Amino acid sequence: MENTSNIIYWLLALIAIGLTCIVFLYMYLKSKRKENNPNNNISDSKYGVEEESSPSLTPIIKYFKGQCNSFRTISDKSVSENYCKNVFNYADKVMEYHATEELKKWWKNFINDRNQWDEMFYKEKAKQIVMMIRKAGVTPSTEKVIEWNENAELHYLPYDDITDGDICDVVHPCWIYQNEIFEQGLVSKKNN
């Protein structure tokens with residue numbers, strides 16, 4: 001019986017050592033991949049993405065209506081570079097036609113060398129924009145599952161055929177600004 005206990009302790013120790021080695025190997029490979037990524041040589045300070053230096057989007061936030069989930073999707077999911085470019089191109093137009101001079105100057109630095117961005121760099125930039133949208137007072141809903149009813153219809157668009165009483169997964173949140181619906185979310189009927 002004592003031999004069995006010793007074997008179990010040795011096996012647990014070997015498993016712990018093996019898992020530790022795997023974690024260190026993963027961290028090492030991840031750091032090497034970062035070093036070899038040419039876009040990591042692009043300095044964030046060169047693009048003006050420091051959190052403190054970001055101006056407020058509040059004066060032009062109404063022009064980002066309909067874009068909150070697009071920036072959130074880029075920051076959270078794997079999407080094509082073409083999708084990212086289209087979303088940022090829209091933001092270019094908002095900045096060009098509606099931004100203050102300070103915001104235009106910041107944006108120009110923020111998107112500098114965009115033709116060199118890869119998916120990961122778009123993600124980081126989109127996270128910054130989502131953060132700025134939230135700082136301007138636009139907040140996403142937090143529910144993950146809802147019951148479809150009259151109130152839900154105001155806040156969400158259905159992805160598929162949904163009837164009153166259906167339970168739905170929230171695919172994209174609804175965004176609220178000054179206690180009003182700023183951008184509708186998207187829901188899909190929950191499969192039981």
# chains A, B, ... in the order shown; residues from 1 in each chain; ligands from 1
$ residues_around --residues "stretch 89-105 of chain A" --least-positions-apart "2" --cutoff "8 Å" --atoms "only C-alpha atoms" --output "ChimeraX atom specification"
/A:55-56,59-60,63-64,85-87,107-109
$ residues_around --residues "stretch 127-144 of chain A" --least-positions-apart "4" --cutoff "6 Å" --atoms "only C-alpha atoms" --output "count of residues only"
10
$ closest_residue --among "A:Asn69, A:Asn112, A:Ser80, A:Thr163" --to "A:Leu186" --atoms "only C-alpha atoms"
A:Asn69
$ atom_distance --atom1 "atom CA of A:Asp161" --atom2 "atom CA of A:Phe182"
23.6 Å
$ select_by_dssp --residues "stretch 100-171 of chain A" --states "strand (DSSP E)" --output "list in words"
Val138, Thr139, Pro140, Val145, Ile146, Glu147, Tyr156, Leu157, Pro158, Ile167, Cys168, Asp169, Val170 and Val171 of chain A
$ closest_residue --among "A:Glu153, A:Glu147, A:Glu183, A:Asp113" --to "A:Cys68" --atoms "only C-alpha atoms"
A:Glu183
$ select_by_dssp --residues "stretch 44-183 of chain A" --states "helix (DSSP H, G or I)" --output "PyMOL selection string"
chain A and resi 44-47+51-53+58-64+68-76+81-98+101-110+114-116+119-135+150-155
$ residues_around --residues "A:Val187" --least-positions-apart "3" --cutoff "9 Å" --atoms "only C-alpha atoms" --output "PyMOL selection string"
chain A and resi 145-146+156-160+168-173+190
$ write_last_selection --atoms "all heavy atoms" --output "mmCIF file, in the first residue's frame"
data_model
loop_
_atom_site.group_PDB
_atom_site.id
_atom_site.type_symbol
_atom_site.label_atom_id
_atom_site.label_comp_id
_atom_site.auth_asym_id
_atom_site.auth_seq_id
_atom_site.Cartn_x
_atom_site.Cartn_y
_atom_site.Cartn_z
ATOM 1 N N VAL A 145 -28.203 36.337 -22.254
ATOM 2 C CA VAL A 145 -29.404 35.618 -22.685
ATOM 3 C C VAL A 145 -30.607 36.498 -22.340
ATOM 4 O O VAL A 145 -30.649 37.083 -21.259
ATOM 5 C CB VAL A 145 -29.525 34.247 -21.964
ATOM 6 C CG1 VAL A 145 -30.801 33.538 -22.358
ATOM 7 C CG2 VAL A 145 -28.313 33.377 -22.260
ATOM 8 N N ILE A 146 -31.542 36.597 -23.267
ATOM 9 C CA ILE A 146 -32.751 37.384 -23.008
ATOM 10 C C ILE A 146 -33.982 36.614 -23.467
ATOM 11 O O ILE A 146 -33.877 35.694 -24.276
ATOM 12 C CB ILE A 146 -32.717 38.758 -23.731
ATOM 13 C CG1 ILE A 146 -32.671 38.563 -25.257
ATOM 14 C CG2 ILE A 146 -31.579 39.606 -23.244
ATOM 15 C CD1 ILE A 146 -33.026 39.805 -26.035
ATOM 16 N N TYR A 156 -32.762 45.053 -29.535
ATOM 17 C CA TYR A 156 -32.026 44.076 -30.341
ATOM 18 C C TYR A 156 -32.699 43.814 -31.682
ATOM 19 O O TYR A 156 -33.908 43.927 -31.816
ATOM 20 C CB TYR A 156 -31.913 42.739 -29.586
ATOM 21 C CG TYR A 156 -31.113 42.849 -28.320
ATOM 22 C CD1 TYR A 156 -31.736 43.058 -27.101
ATOM 23 C CD2 TYR A 156 -29.724 42.754 -28.346
ATOM 24 C CE1 TYR A 156 -31.010 43.176 -25.930
ATOM 25 C CE2 TYR A 156 -28.993 42.869 -27.184
ATOM 26 C CZ TYR A 156 -29.634 43.080 -25.980
ATOM 27 O OH TYR A 156 -28.905 43.197 -24.826
ATOM 28 N N LEU A 157 -31.883 43.413 -32.620
ATOM 29 C CA LEU A 157 -32.374 42.922 -33.904
ATOM 30 C C LEU A 157 -32.246 41.405 -33.892
ATOM 31 O O LEU A 157 -31.240 40.872 -33.419
ATOM 32 C CB LEU A 157 -31.544 43.498 -35.054
ATOM 33 C CG LEU A 157 -31.591 45.015 -35.224
ATOM 34 C CD1 LEU A 157 -30.543 45.465 -36.243
ATOM 35 C CD2 LEU A 157 -32.981 45.442 -35.663
ATOM 36 N N PRO A 158 -33.241 40.692 -34.418
ATOM 37 C CA PRO A 158 -33.145 39.225 -34.446
ATOM 38 C C PRO A 158 -32.301 38.753 -35.625
ATOM 39 O O PRO A 158 -32.404 39.276 -36.727
ATOM 40 C CB PRO A 158 -34.597 38.779 -34.593
ATOM 41 C CG PRO A 158 -35.268 39.930 -35.284
ATOM 42 C CD PRO A 158 -34.551 41.167 -34.866
ATOM 43 N N TYR A 159 -31.464 37.761 -35.363
ATOM 44 C CA TYR A 159 -30.644 37.168 -36.408
ATOM 45 C C TYR A 159 -31.459 36.167 -37.225
ATOM 46 O O TYR A 159 -31.225 35.959 -38.387
ATOM 47 C CB TYR A 159 -29.425 36.492 -35.777
ATOM 48 C CG TYR A 159 -28.486 35.856 -36.761
ATOM 49 C CD1 TYR A 159 -27.657 36.632 -37.548
ATOM 50 C CD2 TYR A 159 -28.436 34.471 -36.906
ATOM 51 C CE1 TYR A 159 -26.788 36.067 -38.459
ATOM 52 C CE2 TYR A 159 -27.571 33.889 -37.808
ATOM 53 C CZ TYR A 159 -26.752 34.693 -38.580
ATOM 54 O OH TYR A 159 -25.896 34.120 -39.483
ATOM 55 N N ASP A 160 -32.434 35.557 -36.571
ATOM 56 C CA ASP A 160 -33.279 34.559 -37.241
ATOM 57 C C ASP A 160 -34.724 34.769 -36.801
ATOM 58 O O ASP A 160 -35.027 35.739 -36.117
ATOM 59 C CB ASP A 160 -32.795 33.131 -36.928
ATOM 60 C CG ASP A 160 -32.328 32.954 -35.495
ATOM 61 O OD1 ASP A 160 -32.778 33.704 -34.613
ATOM 62 O OD2 ASP A 160 -31.507 32.071 -35.242
ATOM 63 N N CYS A 168 -33.244 33.845 -26.220
ATOM 64 C CA CYS A 168 -32.242 34.205 -27.229
ATOM 65 C C CYS A 168 -30.874 34.445 -26.602
ATOM 66 O O CYS A 168 -30.769 34.968 -25.489
ATOM 67 C CB CYS A 168 -32.665 35.489 -27.940
ATOM 68 S SG CYS A 168 -34.291 35.401 -28.693
ATOM 69 N N ASP A 169 -29.837 34.073 -27.343
ATOM 70 C CA ASP A 169 -28.465 34.413 -26.981
ATOM 71 C C ASP A 169 -28.156 35.782 -27.557
ATOM 72 O O ASP A 169 -28.497 36.070 -28.702
ATOM 73 C CB ASP A 169 -27.480 33.398 -27.573
ATOM 74 C CG ASP A 169 -27.546 32.053 -26.892
ATOM 75 O OD1 ASP A 169 -27.642 32.020 -25.645
ATOM 76 O OD2 ASP A 169 -27.507 31.025 -27.604
ATOM 77 N N VAL A 170 -27.493 36.616 -26.776
ATOM 78 C CA VAL A 170 -27.068 37.928 -27.259
ATOM 79 C C VAL A 170 -25.763 37.735 -28.036
ATOM 80 O O VAL A 170 -24.762 37.312 -27.493
ATOM 81 C CB VAL A 170 -26.871 38.923 -26.101
ATOM 82 C CG1 VAL A 170 -26.316 40.243 -26.607
ATOM 83 C CG2 VAL A 170 -28.190 39.138 -25.374
ATOM 84 N N VAL A 171 -25.807 38.010 -29.327
ATOM 85 C CA VAL A 171 -24.634 37.876 -30.191
ATOM 86 C C VAL A 171 -23.794 39.148 -30.113
ATOM 87 O O VAL A 171 -22.572 39.098 -30.018
ATOM 88 C CB VAL A 171 -25.066 37.591 -31.652
ATOM 89 C CG1 VAL A 171 -23.868 37.483 -32.566
ATOM 90 C CG2 VAL A 171 -25.913 36.333 -31.723
ATOM 91 N N HIS A 172 -24.456 40.303 -30.162
ATOM 92 C CA HIS A 172 -23.810 41.613 -30.006
ATOM 93 C C HIS A 172 -24.648 42.419 -29.031
ATOM 94 O O HIS A 172 -25.880 42.414 -29.118
ATOM 95 C CB HIS A 172 -23.728 42.371 -31.343
ATOM 96 C CG HIS A 172 -22.819 41.745 -32.335
ATOM 97 N ND1 HIS A 172 -21.457 41.713 -32.187
ATOM 98 C CD2 HIS A 172 -23.080 41.114 -33.504
ATOM 99 C CE1 HIS A 172 -20.923 41.096 -33.223
ATOM 100 N NE2 HIS A 172 -21.891 40.715 -34.030
ATOM 101 N N PRO A 173 -24.005 43.152 -28.126
ATOM 102 C CA PRO A 173 -24.771 43.902 -27.131
ATOM 103 C C PRO A 173 -25.486 45.110 -27.727
ATOM 104 O O PRO A 173 -25.130 45.596 -28.796
ATOM 105 C CB PRO A 173 -23.701 44.357 -26.140
ATOM 106 C CG PRO A 173 -22.460 44.456 -26.949
ATOM 107 C CD PRO A 173 -22.560 43.344 -27.961
ATOM 108 N N LYS A 190 -32.038 30.783 -29.101
ATOM 109 C CA LYS A 190 -31.262 29.778 -28.379
ATOM 110 C C LYS A 190 -31.744 28.385 -28.769
ATOM 111 O O LYS A 190 -32.939 28.121 -28.786
ATOM 112 C CB LYS A 190 -31.392 29.983 -26.873
ATOM 113 C CG LYS A 190 -30.429 29.200 -26.042
ATOM 114 C CD LYS A 190 -30.536 29.675 -24.597
ATOM 115 C CE LYS A 190 -29.469 29.078 -23.727
ATOM 116 N NZ LYS A 190 -28.132 29.574 -24.053
#
$ closest_residue --among "A:Ser54, A:Phe110, A:Glu119, A:Gly66" --to "A:Tyr83" --atoms "only C-alpha atoms"
A:Glu119
